Amino acid sequence: MTSADLARCTIVLFVVLVVQQTLLDSVRIAGAHPDAMLLLPIAAGYVAGPDRGAGFGFAAGVLADLFLPTTFGLSALVFCLVGYGTGLTVRGLVRSSWWLPPIVAAGATSVGLAVYAILGSVLGEPGTVTTSLAPALVVATPAAVVLATPVVRLVSWALPAVSSGHGAGIGSGPR
Amino acid sequence: MARTRRPRRTRLTIGLLILASITIITLDYRGDAHGTISSLKNAASDAFSPVQRGVDDITHPIGSFLAGAVNGGEIEQENAKLRQQVGNLQSQLLAHQATANALKSLQKLDHLRWAQGIPRVAAQVVSLNSSNFAATVELNVGARNGVAAGMPVVGSAGLVGRVTSTSSTRCTVTLITDAGSAVGVRYGAASLDLALAQGDGIGKNLDVTYVSPGTALHKGEVLTTSGLQNGIYPPLIPVARIRSFSSSASATSETVSAAPAADLAQLQYVDVLQWPAAG
């Protein structure tokens with residue numbers, strides 16, 4: 001990864017963080033809001049494979065944790081696992097369809113939120129599974145479908161194109 | 001050869017990242033690196049608040065510009081001009097109404113009948129819950145304004161929550177509806193009976209526990225802070241109003257649900273009580 005790639009990744013992380021903090025956090029339905037930060041590792045895994053999905057997820061998670069009241073490092077762990085898992089899941093895909101990113105995003109968001117809630121519960125965060133998980137799933141999963149395409153495009157601009165056999169082959173976004 | 005090396009490198013990467021994450025979680029959980037993590041969070045919050053204000057300033061004019069998009073043709077231009085004038089007048093009217101409403105809210109906070117004599121810091125809610133797994137709001141005051149973790153926060157109608165972290169210019173308040181929140185309350189004709197009002201998640205009613213079965217309750221009854229719990233909250237601040245209660249023959253306690261007295265969905269102005277928590 002070159003310094004130009006790192007700069008692009010930093011820009012993407014910052015832009016999505018600003019959008020999340022200033023716009024998406026205000027969109028509250030039943031107390032839950034869309035989660036664009038969780039879409040970052042999903043998009044990275046989809047575009048650049050499990051390796052970079054995990055790395056990008058870790059960076060996005062640490063950044064998200066700076067602004068969350070929950071245990072520090074929890075988002076880093078979950079995002080890292082989600083990026084890795086998404087990369088592994090879409091590894092065999094050679095061609096992409098327009099409908100594939102939204103479906104992958106919806107599935108990975110649901111899994112990511114469930115893992116976050118379970119790990120949060122293990123770490124003593126109250127009510128993550130019993131109270132907060134259901135509204136989070138109901139709101140964040142459909143929102144992931146809507147936000148998937150722009151976020152995947154943004155991440156594919158930031159991360160270098162991957163070699164064949166990794167990702168879904170849309171990593172060659174505009175430079 | 002490269003085929004076997006690649007998965008090994010991937011496994012090593014994910015292994016190291018998981019290890020790093022678990023190390024950070026452990027350090028935070030044990031409190032070993034609490035000072036460092038708090039400093040990082042505070043620095044991030046302070047650095048981000050001007051960006052947040054700037055984006056808010058940008059998005060408002062964009063919205064206005066899109067709303068007032070100009071049509072072609074002289075008449076349409078004239079119509080647009082007139083519409084703009086009407087819009088300006090309406091926006092002025094709305095601005096006056098908004099100012100009047102804000103003034104009314106602040107005046108209500110000035111005439112609170114409870115927590116008299118406790119110094120307070122007026123604050124505005126600048127952002128709502130940042131996590132889907134915690135009921136919190138962020139206020140535009142911080143350590144620089146004399147706000148510290150543990151201080152109670154009240155609205156014009158009652159208790160809102162408690163400050164859980166501060167940076168120099170912002171603070172995070174955990175609402176009484178958060179699943180981890182529990183407030184000791186008094187109820188009954190003489191306000192002698194004690195119970196615990198526990199949060200059940202964002203936008204939900206509070207669960208009131210430790211109410212003996214058969215206790216005389218009525219809908220709308222106000223629960224106030226008990227002043228116990230080592231003085232976390234000052235006494236007699238309205239917390240919630242009873243919405244429903246029921247009890248079965250074999251139950252050891254009454255099932256009571258209560259709505260927060262303060263409208264937590266529409267929070268705008270609040271007061272942070274400079275009440276030192278004893279614990």
# chains A, B, ... in the order shown; residues from 1 in each chain; ligands from 1
>>> closest_atom_pairs(of="chain A", to="chain B", cutoff="7 Å", atoms="only C-alpha atoms", output="CSV")
residue,atom,partner,partner_atom,distance
A:Thr22,CA,B:Gln52,CA,6.0
A:Asp25,CA,B:Ser130,CA,6.0
A:Ser26,CA,B:Leu128,CA,6.4
A:Ala30,CA,B:Gly203,CA,6.7
A:Gly31,CA,B:Ile202,CA,5.1
A:Ala32,CA,B:Asn132,CA,5.3
A:His33,CA,B:Asn132,CA,6.6
A:Asp51,CA,B:Thr10,CA,5.3
A:Ala54,CA,B:Ile14,CA,6.3
A:Phe58,CA,B:Leu17,CA,6.9
A:Leu66,CA,B:Lys41,CA,4.9
A:Phe67,CA,B:Lys41,CA,6.7
A:Leu68,CA,B:Ser131,CA,6.0
A:Thr71,CA,B:Ile25,CA,6.7
A:Phe72,CA,B:Ile25,CA,5.8
A:Gly73,CA,B:Ile25,CA,4.9
A:Leu74,CA,B:Ile25,CA,6.4
A:Ala76,CA,B:Ser21,CA,6.0
A:Leu77,CA,B:Ser21,CA,5.1
A:Pro126,CA,B:Gly180,CA,5.1
A:Gly127,CA,B:Ala179,CA,5.2
A:Thr128,CA,B:Phe133,CA,5.6
A:Thr131,CA,B:Gly201,CA,5.7
A:Ser132,CA,B:Phe133,CA,5.4
A:Ala136,CA,B:Asn132,CA,5.9
>>> select_by_dssp(residues="stretch 48-172 of chain A", states="alpha helix (DSSP H)", output="ChimeraX atom specification")
/A:48-65,74-89,100-122,133-158
>>> closest_residue(among="A:Val129, A:Ala158, A:Ala108, A:Val27", to="A:Ile42", atoms="only C-alpha atoms")
A:Ala108
>>> atom_distance(atom1="atom CA of A:Ala148", atom2="atom CA of A:Asp35")
10.8 Å
